[in-house]
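A.B. asks: Provided herewith: my_file.pdb, PDB, C-alpha atoms.
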ATOM      1  CA  MET T  25       0.000   0.000   0.000
ATOM      2  CA  LEU T  26       1.331   3.428  -0.963
ATOM      3  CA  ASN T  27       1.491   6.038   1.780
ATOM      4  CA  ILE T  28       0.541   9.447   0.380
ATOM      5  CA  HIS T  29       0.599  12.619   2.468
ATOM      6  CA  MET T  30      -1.662  15.351   1.115
ATOM      7  CA  TYR T  31      -0.975  18.988   2.024
ATOM      8  CA  SER T  32      -3.588  21.664   1.352
ATOM      9  CA  SER T  33      -5.241  24.731   2.845
ATOM     10  CA  ALA T  34      -7.587  25.159  -0.145
ATOM     11  CA  LEU T  35     -10.727  24.376   1.851
ATOM     12  CA  SER T  36     -10.052  27.263   4.247
ATOM     13  CA  VAL T  37     -11.264  29.731   1.585
ATOM     14  CA  LYS T  38     -14.802  29.015   0.376
ATOM     15  CA  GLY T  39     -15.938  29.414  -3.200
ATOM     16  CA  GLN T  40     -12.737  28.716  -5.125
ATOM     17  CA  GLY T  41     -12.115  25.984  -7.679
ATOM     18  CA  VAL T  42      -8.819  24.837  -6.135
ATOM     19  CA  GLY T  43     -10.697  23.676  -3.052
ATOM     20  CA  SER T  44     -13.261  21.825  -5.161
ATOM     21  CA  ALA T  45     -10.553  20.065  -7.185
ATOM     22  CA  TYR T  46      -8.730  19.039  -4.003
ATOM     23  CA  ALA T  47     -11.895  17.707  -2.338
ATOM     24  CA  GLU T  48     -12.814  15.750  -5.470
ATOM     25  CA  LEU T  49      -9.387  14.087  -5.674
ATOM     26  CA  ILE T  50      -9.351  13.068  -2.001
ATOM     27  CA  ARG T  51     -12.848  11.604  -2.316
ATOM     28  CA  LEU T  52     -11.933   9.755  -5.518
ATOM     29  CA  LEU T  53      -8.790   8.130  -4.138
ATOM     30  CA  GLN T  54     -10.390   7.097  -0.853
ATOM     31  CA  GLU T  55     -13.473   5.714  -2.588
ATOM     32  CA  TYR T  56     -11.743   3.824  -5.411
ATOM     33  CA  PHE T  57      -8.503   2.626  -3.797
ATOM     34  CA  PRO T  58      -8.931   2.107  -0.022
ATOM     35  CA  ASP T  59      -6.788  -1.039  -0.202
ATOM     36  CA  LYS T  60      -4.033   0.445  -2.380
ATOM     37  CA  LEU T  61      -3.532   3.992  -1.111
ATOM     38  CA  GLU T  62      -3.209   5.245   2.453
ATOM     39  CA  ILE T  63      -4.157   8.935   2.385
ATOM     40  CA  VAL T  64      -2.881  11.126   5.231
ATOM     41  CA  ILE T  65      -4.028  14.775   5.272
ATOM     42  CA  ASN T  66      -1.927  17.680   6.563
ATOM     43  CA  LYS T  67       0.188  15.579   8.930
ATOM     44  CA  LEU T  68       3.963  15.280   8.978
ATOM     45  CA  GLY T  69       5.447  11.829   8.721
ATOM     46  CA  LYS T  70       7.388   9.465   6.530
ATOM     47  CA  ALA T  71       5.701   9.096   3.145
ATOM     48  CA  ASP T  72       6.142   7.434  -0.223
ATOM     49  CA  ILE T  73       4.706  10.586  -1.818
ATOM     50  CA  SER T  74       4.124  14.080  -0.452
ATOM     51  CA  HIS T  75       1.553  15.838  -2.605
ATOM     52  CA  TYR T  76       1.312  19.625  -2.184
ATOM     53  CA  HIS T  77      -1.962  21.128  -3.404
ATOM     54  CA  THR T  78      -1.358  24.693  -2.194
ATOM     55  CA  ILE T  79       1.799  26.766  -1.837
ATOM     56  CA  ASP T  80       1.689  27.632   1.879
ATOM     57  CA  PRO T  81       5.030  28.860   3.294
ATOM     58  CA  LEU T  82       4.832  26.194   6.011
ATOM     59  CA  PHE T  83       4.540  23.495   3.346
ATOM     60  CA  TYR T  84       7.540  24.996   1.561
ATOM     61  CA  LEU T  85       9.642  24.673   4.736
ATOM     62  CA  GLU T  86       8.467  21.093   5.251
ATOM     63  CA  THR T  87       9.886  20.083   1.868
ATOM     64  CA  PHE T  88      13.384  20.382   3.392
ATOM     65  CA  LEU T  89      12.650  17.724   6.028
ATOM     66  CA  PRO T  90      13.770  14.108   5.434
ATOM     67  CA  GLY T  91      11.333  11.312   4.620
ATOM     68  CA  ARG T  92       9.093  13.291   2.262
ATOM     69  CA  GLY T  93       9.361  10.656  -0.474
ATOM     70  CA  VAL T  94       8.577  11.970  -3.944
ATOM     71  CA  LYS T  95       7.506  15.622  -3.664
ATOM     72  CA  VAL T  96       4.620  16.367  -6.049
ATOM     73  CA  GLY T  97       3.368  19.888  -6.684
ATOM     74  CA  TYR T  98      -0.145  20.437  -8.013
ATOM     75  CA  VAL T  99      -0.161  23.567 -10.191
ATOM     76  CA  HIS T 100      -3.553  25.288 -10.221
ATOM     77  CA  PHE T 101      -2.233  28.737 -11.083
ATOM     78  CA  LEU T 102       0.752  30.676 -12.392
ATOM     79  CA  PRO T 103       1.785  34.304 -11.801
ATOM     80  CA  GLU T 104       0.095  35.435 -15.021
ATOM     81  CA  THR T 105      -3.210  33.766 -14.103
ATOM     82  CA  ILE T 106      -3.420  35.763 -10.863
ATOM     83  CA  GLU T 107      -3.673  38.991 -12.858
ATOM     84  CA  GLY T 108      -7.294  40.125 -12.688
ATOM     85  CA  SER T 109      -7.935  38.102  -9.535
ATOM     86  CA  LEU T 110      -6.035  39.812  -6.731
ATOM     87  CA  LYS T 111      -5.163  43.459  -6.241
ATOM     88  CA  LEU T 112      -1.620  43.610  -4.813
ATOM     89  CA  PRO T 113       1.000  46.376  -4.530
ATOM     90  CA  LYS T 114       3.747  46.060  -7.152
ATOM     91  CA  PHE T 115       6.478  45.115  -4.666
ATOM     92  CA  ALA T 116       4.276  42.469  -3.012
ATOM     93  CA  LYS T 117       3.272  41.082  -6.402
ATOM     94  CA  LYS T 118       6.917  40.752  -7.472
ATOM     95  CA  ILE T 119       7.869  38.878  -4.291
ATOM     96  CA  PHE T 120       4.787  36.656  -4.420
ATOM     97  CA  TYR T 121       5.321  35.691  -8.058
ATOM     98  CA  LYS T 122       8.956  34.740  -7.394
ATOM     99  CA  TYR T 123       7.842  32.654  -4.435
ATOM    100  CA  ILE T 124       5.280  30.754  -6.553
ATOM    101  CA  ILE T 125       7.928  29.626  -9.030
ATOM    102  CA  SER T 126      10.400  28.861  -6.236
ATOM    103  CA  PHE T 127       7.810  26.559  -4.643
ATOM    104  CA  TYR T 128       7.235  24.698  -7.897
ATOM    105  CA  LYS T 129      10.980  24.300  -8.418
ATOM    106  CA  ARG T 130      11.258  22.618  -4.990
ATOM    107  CA  MET T 131       9.108  19.761  -6.277
ATOM    108  CA  ASP T 132      10.432  16.493  -7.712
ATOM    109  CA  GLN T 133       7.407  16.243  -9.974
ATOM    110  CA  ILE T 134       4.693  18.640 -11.144
ATOM    111  CA  VAL T 135       1.071  17.931 -12.075
ATOM    112  CA  VAL T 136      -0.662  20.568 -14.194
ATOM    113  CA  VAL T 137      -4.426  20.821 -14.656
ATOM    114  CA  ASN T 138      -4.099  21.805 -18.302
ATOM    115  CA  PRO T 139      -1.447  21.180 -20.990
ATOM    116  CA  VAL T 140      -0.815  24.889 -21.614
ATOM    117  CA  PHE T 141       0.621  25.205 -18.085
ATOM    118  CA  GLY T 142       3.274  22.638 -18.923
ATOM    119  CA  GLN T 143       4.582  24.817 -21.744
ATOM    120  CA  LYS T 144       4.591  27.905 -19.533
ATOM    121  CA  LEU T 145       6.357  26.161 -16.638
ATOM    122  CA  SER T 146       9.168  25.066 -18.932
ATOM    123  CA  LYS T 147       9.773  28.753 -19.702
ATOM    124  CA  TYR T 148      10.282  29.301 -15.967
ATOM    125  CA  GLY T 149      13.077  26.743 -16.028
ATOM    126  CA  ILE T 150      11.220  23.625 -14.880
ATOM    127  CA  PRO T 151      12.250  20.576 -16.988
ATOM    128  CA  THR T 152       9.427  19.205 -19.133
ATOM    129  CA  GLU T 153      10.207  15.624 -18.021
ATOM    130  CA  LYS T 154       9.097  16.575 -14.494
ATOM    131  CA  ILE T 155       5.698  17.825 -15.700
ATOM    132  CA  THR T 156       2.568  15.649 -16.105
ATOM    133  CA  TYR T 157      -0.846  16.786 -17.289
ATOM    134  CA  ILE T 158      -3.816  15.287 -15.414
ATOM    135  CA  PRO T 159      -7.157  17.090 -15.893
ATOM    136  CA  ASN T 160      -9.775  17.882 -13.280
ATOM    137  CA  PHE T 161     -13.016  15.906 -12.903
ATOM    138  CA  VAL T 162     -16.186  16.024 -10.822
ATOM    139  CA  SER T 163     -18.396  13.457  -9.134
ATOM    140  CA  LYS T 164     -21.459  12.099 -10.911
ATOM    141  CA  LYS T 165     -22.996  11.558  -7.474
ATOM    142  CA  GLU T 166     -22.853  15.280  -6.679
ATOM    143  CA  PHE T 167     -23.575  16.741 -10.128
ATOM    144  CA  TYR T 168     -26.244  15.104 -12.275
ATOM    145  CA  PRO T 169     -29.384  15.990 -14.267
ATOM    146  CA  GLU T 170     -32.658  15.999 -12.358
ATOM    147  CA  SER T 171     -36.054  14.925 -13.696
ATOM    148  CA  ALA T 172     -38.396  17.499 -15.259
ATOM    149  CA  SER T 173     -40.666  17.417 -12.195
ATOM    150  CA  LYS T 174     -37.704  17.958  -9.857
ATOM    151  CA  LYS T 175     -36.476  20.874 -11.984
ATOM    152  CA  HIS T 176     -39.933  22.436 -11.739
ATOM    153  CA  GLU T 177     -39.796  22.043  -7.957
ATOM    154  CA  ILE T 178     -36.309  23.618  -7.809
ATOM    155  CA  ARG T 179     -37.411  26.575  -9.931
ATOM    156  CA  GLN T 180     -40.402  27.174  -7.680
ATOM    157  CA  LYS T 181     -38.119  27.143  -4.653
ATOM    158  CA  LEU T 182     -35.748  29.658  -6.287
ATOM    159  CA  GLY T 183     -38.556  31.891  -7.554
ATOM    160  CA  ILE T 184     -37.937  31.232 -11.266
ATOM    161  CA  LYS T 185     -40.862  30.821 -13.659
ATOM    162  CA  ASP T 186     -40.931  27.617 -15.717
ATOM    163  CA  ASP T 187     -41.031  29.518 -18.997
ATOM    164  CA  GLN T 188     -38.282  32.041 -18.144
ATOM    165  CA  PHE T 189     -34.987  31.386 -19.906
ATOM    166  CA  THR T 190     -32.323  31.251 -17.187
ATOM    167  CA  VAL T 191     -28.565  31.694 -17.457
ATOM    168  CA  ILE T 192     -26.150  30.702 -14.684
ATOM    169  CA  GLY T 193     -22.530  31.679 -14.123
ATOM    170  CA  VAL T 194     -20.335  30.242 -11.359
ATOM    171  CA  GLY T 195     -17.091  31.461  -9.834
ATOM    172  CA  GLN T 196     -15.544  34.158  -7.725
ATOM    173  CA  VAL T 197     -16.921  37.647  -8.339
ATOM    174  CA  GLN T 198     -13.886  39.261  -9.968
ATOM    175  CA  GLU T 199     -12.677  40.922 -13.166
ATOM    176  CA  ARG T 200     -10.848  37.824 -14.433
ATOM    177  CA  LYS T 201     -14.051  35.788 -14.427
ATOM    178  CA  GLY T 202     -15.679  38.308 -16.771
ATOM    179  CA  VAL T 203     -18.384  39.208 -14.258
ATOM    180  CA  PRO T 204     -18.717  42.768 -15.683
ATOM    181  CA  ASP T 205     -19.725  41.228 -19.036
ATOM    182  CA  PHE T 206     -22.200  38.920 -17.286
ATOM    183  CA  ILE T 207     -23.743  42.021 -15.676
ATOM    184  CA  GLU T 208     -23.833  43.833 -19.036
ATOM    185  CA  LEU T 209     -25.653  40.901 -20.653
ATOM    186  CA  ALA T 210     -28.247  40.965 -17.870
ATOM    187  CA  ARG T 211     -28.850  44.648 -18.580
ATOM    188  CA  ARG T 212     -29.247  43.957 -22.305
ATOM    189  CA  HIS T 213     -31.660  41.058 -21.736
ATOM    190  CA  PRO T 214     -34.256  42.010 -19.102
ATOM    191  CA  GLU T 215     -36.424  39.125 -20.373
ATOM    192  CA  ILE T 216     -33.821  36.556 -19.236
ATOM    193  CA  GLN T 217     -33.081  35.536 -15.637
ATOM    194  CA  PHE T 218     -29.367  35.687 -14.783
ATOM    195  CA  ILE T 219     -27.797  34.071 -11.713
ATOM    196  CA  TRP T 220     -24.145  34.353 -10.675
ATOM    197  CA  VAL T 221     -23.212  31.925  -7.903
ATOM    198  CA  GLY T 222     -20.059  32.955  -6.049
ATOM    199  CA  GLY T 223     -18.694  35.796  -4.015
ATOM    200  CA  PHE T 224     -15.632  37.760  -2.987
ATOM    201  CA  SER T 225     -13.541  34.888  -1.640
ATOM    202  CA  PHE T 226     -10.601  37.215  -1.002
ATOM    203  CA  GLY T 227     -12.632  40.219   0.132
ATOM    204  CA  LYS T 228     -11.355  43.681  -0.710
ATOM    205  CA  MET T 229      -8.179  42.208  -2.211
ATOM    206  CA  THR T 230     -10.316  41.101  -5.172
ATOM    207  CA  ASP T 231      -9.527  42.962  -8.378
ATOM    208  CA  GLY T 232     -12.382  45.362  -9.222
ATOM    209  CA  TYR T 233     -13.952  44.905  -5.777
ATOM    210  CA  ASP T 234     -15.447  48.404  -5.321
ATOM    211  CA  GLU T 235     -17.262  48.526  -8.668
ATOM    212  CA  LEU T 236     -18.472  44.931  -8.513
ATOM    213  CA  LYS T 237     -19.648  45.226  -4.904
ATOM    214  CA  GLN T 238     -21.953  48.063  -5.888
ATOM    215  CA  VAL T 239     -23.693  45.882  -8.482
ATOM    216  CA  VAL T 240     -23.821  42.824  -6.198
ATOM    217  CA  ASP T 241     -25.557  44.951  -3.546
ATOM    218  CA  ASN T 242     -27.911  46.617  -6.062
ATOM    219  CA  PRO T 243     -28.286  44.336  -9.106
ATOM    220  CA  PRO T 244     -30.744  44.712 -11.991
ATOM    221  CA  ALA T 245     -34.117  43.082 -11.301
ATOM    222  CA  ASN T 246     -33.283  40.060 -13.487
ATOM    223  CA  LEU T 247     -29.839  39.430 -11.979
ATOM    224  CA  HIS T 248     -29.429  37.454  -8.758
ATOM    225  CA  PHE T 249     -26.264  36.997  -6.665
ATOM    226  CA  PRO T 250     -26.958  34.251  -4.085
ATOM    227  CA  GLY T 251     -23.324  34.458  -2.886
ATOM    228  CA  ILE T 252     -21.013  31.583  -1.993
ATOM    229  CA  LEU T 253     -23.045  28.411  -1.594
ATOM    230  CA  ASP T 254     -22.242  25.064  -0.040
ATOM    231  CA  ARG T 255     -21.243  22.474  -2.608
ATOM    232  CA  ASN T 256     -24.313  20.362  -1.874
ATOM    233  CA  GLN T 257     -26.566  23.228  -3.021
ATOM    234  CA  MET T 258     -24.920  23.685  -6.397
ATOM    235  CA  ASN T 259     -26.632  20.850  -8.263
ATOM    236  CA  ASP T 260     -30.017  22.523  -7.751
ATOM    237  CA  TYR T 261     -28.788  25.784  -9.246
ATOM    238  CA  TYR T 262     -27.333  24.085 -12.317
ATOM    239  CA  ASN T 263     -30.561  22.155 -12.838
ATOM    240  CA  ALA T 264     -32.620  25.329 -12.549
ATOM    241  CA  ALA T 265     -30.790  26.883 -15.526
ATOM    242  CA  ASP T 266     -31.141  26.569 -19.300
ATOM    243  CA  LEU T 267     -27.590  27.683 -20.108
ATOM    244  CA  PHE T 268     -24.229  27.891 -18.341
ATOM    245  CA  LEU T 269     -22.203  30.988 -19.249
ATOM    246  CA  LEU T 270     -18.622  31.662 -18.140
ATOM    247  CA  PRO T 271     -17.163  34.813 -19.744
ATOM    248  CA  SER T 272     -13.709  34.455 -18.120
ATOM    249  CA  TYR T 273     -10.710  36.168 -19.679
ATOM    250  CA  ASN T 274      -8.240  33.726 -18.131
ATOM    251  CA  GLU T 275      -8.824  30.219 -16.811
ATOM    252  CA  LEU T 276      -6.958  27.217 -15.449
ATOM    253  CA  PHE T 277      -9.357  24.287 -15.833
ATOM    254  CA  PRO T 278     -12.705  25.535 -14.502
ATOM    255  CA  MET T 279     -14.418  23.013 -12.262
ATOM    256  CA  SER T 280     -17.734  24.779 -12.896
ATOM    257  CA  VAL T 281     -17.614  23.826 -16.592
ATOM    258  CA  LEU T 282     -17.166  20.150 -15.686
ATOM    259  CA  GLU T 283     -20.026  20.432 -13.194
ATOM    260  CA  ALA T 284     -22.258  21.895 -15.921
ATOM    261  CA  PHE T 285     -21.212  19.086 -18.292
ATOM    262  CA  ASN T 286     -22.232  16.486 -15.700
ATOM    263  CA  VAL T 287     -25.673  18.074 -15.360
ATOM    264  CA  GLY T 288     -26.062  18.104 -19.157
ATOM    265  CA  LEU T 289     -26.359  21.880 -19.178
ATOM    266  CA  PRO T 290     -25.544  23.667 -22.475
ATOM    267  CA  VAL T 291     -22.288  25.609 -22.065
ATOM    268  CA  MET T 292     -21.201  28.947 -23.538
ATOM    269  CA  LEU T 293     -17.668  30.239 -22.921
ATOM    270  CA  ARG T 294     -15.507  33.105 -24.020
ATOM    271  CA  GLU T 295     -13.095  31.639 -26.570
ATOM    272  CA  LEU T 296      -9.706  31.000 -24.946
ATOM    273  CA  ASP T 297      -6.722  29.151 -26.406
ATOM    274  CA  LEU T 298      -6.749  26.936 -23.322
ATOM    275  CA  TYR T 299     -10.212  25.560 -24.116
ATOM    276  CA  HIS T 300      -9.079  24.396 -27.544
ATOM    277  CA  ALA T 301      -6.569  22.137 -25.788
ATOM    278  CA  ILE T 302      -8.923  20.623 -23.209
ATOM    279  CA  ILE T 303     -12.627  20.874 -24.113
ATOM    280  CA  ASP T 304     -12.749  21.669 -27.818
ATOM    281  CA  GLY T 305     -16.035  20.552 -29.351
ATOM    282  CA  TYR T 306     -17.978  20.412 -26.096
ATOM    283  CA  TYR T 307     -19.169  24.047 -25.830
ATOM    284  CA  GLN T 308     -20.388  27.133 -27.689
ATOM    285  CA  GLY T 309     -17.650  29.752 -27.969
ATOM    286  CA  ALA T 310     -17.999  33.528 -28.204
ATOM    287  CA  SER T 311     -15.295  36.116 -28.825
ATOM    288  CA  ASP T 312     -16.761  39.028 -26.856
ATOM    289  CA  VAL T 313     -19.826  40.367 -25.071
ATOM    290  CA  ASP T 314     -21.529  41.386 -28.332
ATOM    291  CA  GLU T 315     -21.282  37.864 -29.734
ATOM    292  CA  MET T 316     -22.544  36.449 -26.428
ATOM    293  CA  ASP T 317     -25.454  38.882 -26.744
ATOM    294  CA  CYS T 318     -26.383  37.574 -30.216
ATOM    295  CA  LEU T 319     -25.971  33.944 -29.207
ATOM    296  CA  LEU T 320     -28.184  34.432 -26.152
ATOM    297  CA  THR T 321     -30.920  35.868 -28.351
ATOM    298  CA  ASN T 322     -30.708  32.877 -30.698
ATOM    299  CA  LEU T 323     -30.349  30.156 -28.067
ATOM    300  CA  SER T 324     -33.150  31.407 -25.839
ATOM    301  CA  GLY T 325     -35.561  30.900 -28.749
ATOM    302  CA  ASP T 326     -34.159  27.747 -30.350
ATOM    303  CA  SER T 327     -34.661  24.462 -28.503
ATOM    304  CA  ASN T 328     -32.863  22.521 -31.263
ATOM    305  CA  GLN T 329     -29.616  24.462 -30.764
ATOM    306  CA  LEU T 330     -29.888  23.998 -27.011
ATOM    307  CA  GLU T 331     -30.402  20.248 -27.441
ATOM    308  CA  GLN T 332     -27.276  20.014 -29.613
ATOM    309  CA  LEU T 333     -25.269  21.790 -26.912
ATOM    310  CA  LYS T 334     -26.701  19.430 -24.288
ATOM    311  CA  GLN T 335     -25.378  16.465 -26.255
ATOM    312  CA  LYS T 336     -21.951  18.104 -26.405
ATOM    313  CA  SER T 337     -22.011  18.526 -22.627
ATOM    314  CA  HIS T 338     -22.861  14.846 -22.164
ATOM    315  CA  ALA T 339     -19.887  13.949 -24.367
ATOM    316  CA  GLY T 340     -17.616  16.228 -22.310
ATOM    317  CA  ALA T 341     -18.820  14.619 -19.091
ATOM    318  CA  ALA T 342     -18.072  11.152 -20.453
ATOM    319  CA  TYR T 343     -14.543  12.114 -21.466
ATOM    320  CA  TYR T 344     -13.717  13.613 -18.055
ATOM    321  CA  SER T 345     -15.394  10.830 -16.084
ATOM    322  CA  GLU T 346     -14.092  10.021 -12.620
ATOM    323  CA  GLU T 347     -13.647   6.338 -13.546
ATOM    324  CA  ARG T 348     -11.115   7.208 -16.246
ATOM    325  CA  LEU T 349      -9.310   9.762 -14.078
ATOM    326  CA  ALA T 350      -9.138   7.384 -11.095
ATOM    327  CA  LYS T 351      -7.014   4.927 -13.076
ATOM    328  CA  ILE T 352      -4.798   7.748 -14.363
ATOM    329  CA  TRP T 353      -4.057   8.920 -10.809
ATOM    330  CA  LEU T 354      -3.357   5.414  -9.498
ATOM    331  CA  ASP T 355      -0.957   4.708 -12.354
ATOM    332  CA  TYR T 356       0.746   8.053 -11.842
ATOM    333  CA  TYR T 357       1.389   7.517  -8.119
ATOM    334  CA  THR T 358       2.445   3.890  -8.620
ATOM    335  CA  ASN T 359       4.934   4.736 -11.348
ATOM    336  CA  LEU T 360       6.424   7.600  -9.320
ATOM    337  CA  VAL T 361       7.372   5.245  -6.501
ATOM    338  CA  LYS T 362       8.608   2.543  -8.907
ATOM    339  CA  ASP T 363      10.837   5.046 -10.687
ATOM    340  CA  ARG T 364      12.225   6.341  -7.383
ATOM    341  CA  LYS T 365      13.098   2.807  -6.215
TER     342      LYS T 365
END
What do you get writing this file as structure tokens?

C.D. replies:
Amino acid sequence: MLNIHMYSSALSVKGQGVGSAYAELIRLLQEYFPDKLEIVINKLGKADISHYHTIDPLFYLETFLPGRGVKVGYVHFLPETIEGSLKLPKFAKKIFYKYIISFYKRMDQIVVVNPVFGQKLSKYGIPTEKITYIPNFVSKKEFYPESASKKHEIRQKLGIKDDQFTVIGVGQVQERKGVPDFIELARRHPEIQFIWVGGFSFGKMTDGYDELKQVVDNPPANLHFPGILDRNQMNDYYNAADLFLLPSYNELFPMSVLEAFNVGLPVMLRELDLYHAIIDGYYQGASDVDEMDCLLTNLSGDSNQLEQLKQKSHAGAAYYSEERLAKIWLDYYTNLVKDRK
């Protein structure tokens, strides 16, 4: 049995995808391989593998202790992906960005959540042979399509009419996520119900906080901000919607898109190079807010187009199934220890 020590503080901040990805992986490994993997969480001790999910300074210091086994770093972000998320003074930003790369360089092996990160890490001086791409995934037990009668019940509970086209966005309320464009679309389409699930996970440090907070506190009549919700509430919100829309300018591997796929919800995204590498063919792309505007008009009145997008979401969910990813993770850990020996 492999002894794997997991290190993470991701669950201490609610409403961020890193925490969701971490929770999903722990659940997957414990559920699928209880007789092959011994998972120890945030405890020092001798290990075959030490897997670092977040870049806490304390974790960085622990990497210098003996008995860590193979040190694996899980890369959920890079310095350039933090732009538009956090508002930091220039000197603090410079120090923080150097620290991020220093942490990754302390690792024996790196796992990236999308293939584009591998290319970027190599430019920071991390050898490509140390980098492995393993995508995110979500649980079919937590995110799944409900029956028509259950969807009606959910809509009644949330105050949404059965015949009102409803668009949902999920993520932190910040500039990088494209929330200003989501707000603009709500203003252009008063006939459509818009819901953005998420909040200011990092408070006033969030980029664009002052302007966004004003809208969150006083939104248009057809735009609802329920805030940061518990994970067990999210399936209802996805099932209440007709379309998932994420207008992000920069992404890593959004868990919310995979959650929408699992529910069979049609997905519209701002076109990013990253998506072409990981989910090409599973979503409707749009270049800017004006194209999203036109597509919303068309999709809200065309059930055939929506059905085609639903089928694409089902295909995306099948490709990123937890069964397939479970085997990938087991093989990865097993081979790491074999190679070390």

A.B. asks: On this structure, the PyMOL selection byres ((chain T and resi 48-53) around 10) would catch which residues? List them as a short mmCIF file (atom, residue, chain, number, x, y, z; two decimals) with C-alpha atoms, keeping the file's coordinate frame, sorted by chain and number.

C.D. replies:
data_model
loop_
_atom_site.label_atom_id
_atom_site.label_comp_id
_atom_site.auth_asym_id
_atom_site.auth_seq_id
_atom_site.Cartn_x
_atom_site.Cartn_y
_atom_site.Cartn_z
CA MET T 30 -1.66 15.35 1.12
CA VAL T 42 -8.82 24.84 -6.14
CA GLY T 43 -10.70 23.68 -3.05
CA SER T 44 -13.26 21.82 -5.16
CA ALA T 45 -10.55 20.07 -7.18
CA TYR T 46 -8.73 19.04 -4.00
CA ALA T 47 -11.90 17.71 -2.34
CA GLN T 54 -10.39 7.10 -0.85
CA GLU T 55 -13.47 5.71 -2.59
CA TYR T 56 -11.74 3.82 -5.41
CA PHE T 57 -8.50 2.63 -3.80
CA PRO T 58 -8.93 2.11 -0.02
CA LYS T 60 -4.03 0.44 -2.38
CA LEU T 61 -3.53 3.99 -1.11
CA GLU T 62 -3.21 5.24 2.45
CA ILE T 63 -4.16 8.94 2.38
CA VAL T 64 -2.88 11.13 5.23
CA ILE T 65 -4.03 14.78 5.27
CA ASN T 160 -9.78 17.88 -13.28
CA PHE T 161 -13.02 15.91 -12.90
CA VAL T 162 -16.19 16.02 -10.82
CA SER T 163 -18.40 13.46 -9.13
CA GLU T 346 -14.09 10.02 -12.62
CA GLU T 347 -13.65 6.34 -13.55
CA LEU T 349 -9.31 9.76 -14.08
CA ALA T 350 -9.14 7.38 -11.10
CA LYS T 351 -7.01 4.93 -13.08
CA TRP T 353 -4.06 8.92 -10.81
CA LEU T 354 -3.36 5.41 -9.50
#

A.B. asks: When distances are computed from only C-alpha atoms, which of T:Thr190, T:Asn256, T:Gln196, T:Asn242 shows the smallest separation from Leu269 of chain T?

C.D. replies: T:Thr190

A.B. asks: In Å, with one decimal, what is the gap from atom CA of Pro139 of chain T to atom CA of Lys118 of chain T?

C.D. replies: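 Spanning atom CA of Pro139 of chain T to atom CA of Lys118 of chain T is a straight-line distance of 25.2 Å.
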
A.B. asks: Quick one: which residues end up in the PyMOL selection byres ((chain T and resi 341) around 12) for this structure, as a VMD selection string?

C.D. replies: chain T and resid 160 to 164 167 to 169 279 to 291 303 306 to 307 334 to 340 342 to 349

A.B. asks: How big is the axis-aligned box around the listed atoms of segment 45-57 of chain T once 8 Å is added on each side, and where is its centre? Give both in Å to one decimal, as lines of an AutoDock Vina configuration file.

C.D. replies:
center_x = -11.0
center_y = 11.3
center_z = -4.0
size_x = 21.0
size_y = 33.4
size_z = 22.3

A.B. asks: Quick one, how far is atom CA of Met316 of chain T from atom CA of Ser272 of chain T?

C.D. replies: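 Those two atoms sit 12.3 Å apart.
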
A.B. asks: Expressed in Å to a single decimal, how great is the separation between atom CA of Glu315 of chain T and atom CA of Phe206 of chain T?

C.D. replies: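 Computed distance, atom CA of Glu315 of chain T to atom CA of Phe206 of chain T, equals 12.5 Å.
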
A.B. asks: Check the smallest atom-to-atom distance from each of T:Ile158, T:Val135, T:Ala116, T:Ala265 to Asp186 of chain T using only C-alpha atoms, then report the winner.

C.D. replies: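 Smallest distance to Asp186 of chain T is found for T:Ala265.
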
A.B. asks: Within 10 Å of (10.7, 27.3, -2.5) in the file's own coordinates, which protein, DNA or RNA residues have an atom, counting only C-alpha atoms? List them as a ChimeraX atom specification.

C.D. replies: /T:79,81,83-85,87-88,122-131

A.B. asks: Write out as a list in words which residues come within 9 Å of Ile184 of chain T when counting all atoms listed in the file, dropping same-chain ones fewer than 5 positions away.

C.D. replies: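 Once the nearby chain positions are removed, what remains is Ile178, Arg179, Thr190, Gln217 and Ala264 of chain T.
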
A.B. asks: I need the chosen residues saved as a tab-separated table (two decimals), in the coordinates of the input, with C-alpha atoms.

C.D. replies:
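Listed below is the output, selection27.tsv:
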chain	number	residue	atom	x	y	z
T	178	ILE	CA	-36.31	23.62	-7.81
T	179	ARG	CA	-37.41	26.58	-9.93
T	190	THR	CA	-32.32	31.25	-17.19
T	217	GLN	CA	-33.08	35.54	-15.64
T	264	ALA	CA	-32.62	25.33	-12.55

A.B. asks: If the PyMOL selection byres ((chain T and resi 261) around 10) is run on the structure shown, which residues does it catch, given as a PyMOL selection string?

C.D. replies: chain T and resi 175+178-179+182+192-194+219-221+253+257-260+262-265

A.B. asks: Which residue out of T:Gln180, T:Lys174, T:Phe189, T:Asn274 has the minimum interatomic distance to Leu102 of chain T when only C-alpha atoms are used?

C.D. replies: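 Nearest candidate to Leu102 of chain T out of T:Gln180, T:Lys174, T:Phe189, T:Asn274: T:Asn274.
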
A.B. asks: Between T:Ala245, T:Leu323, T:Leu236, T:Leu360, which has the minimum distance to Lys154 of chain T (counting all atoms listed in the file)?

C.D. replies: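 For Lys154 of chain T, the nearest of the candidates is T:Leu360.
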
A.B. asks: Hey, which of T:Leu270, T:Ile252, T:Val197, T:Leu298 ends up closest to Val240 of chain T? Count all atoms listed in the file.

C.D. replies: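 So, comparing all the options, the nearest one is T:Val197.
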
A.B. asks: Quick one: residues within 7 Å of Ser74 of chain T, only C-alpha atoms counted, chain neighbours fewer than 4 positions away excluded, as a ChimeraX atom specification?

C.D. replies: /T:28-30,92-96

A.B. asks: Could you give me, as a VMD selection string, the residues that sit within 12 Å of (-33.5, 37.4, -29.9) in the file's coordinates, counting only C-alpha atoms?

C.D. replies: chain T and resid 189 212 to 216 316 to 326

A.B. asks: Using all atoms listed in the file, determine which residues lie at most 6 Å from His77 of chain T, disregarding the query and same-chain residues fewer than 3 positions distant; provide the list as a ChimeraX atom specification.

C.D. replies: /T:31-32,98
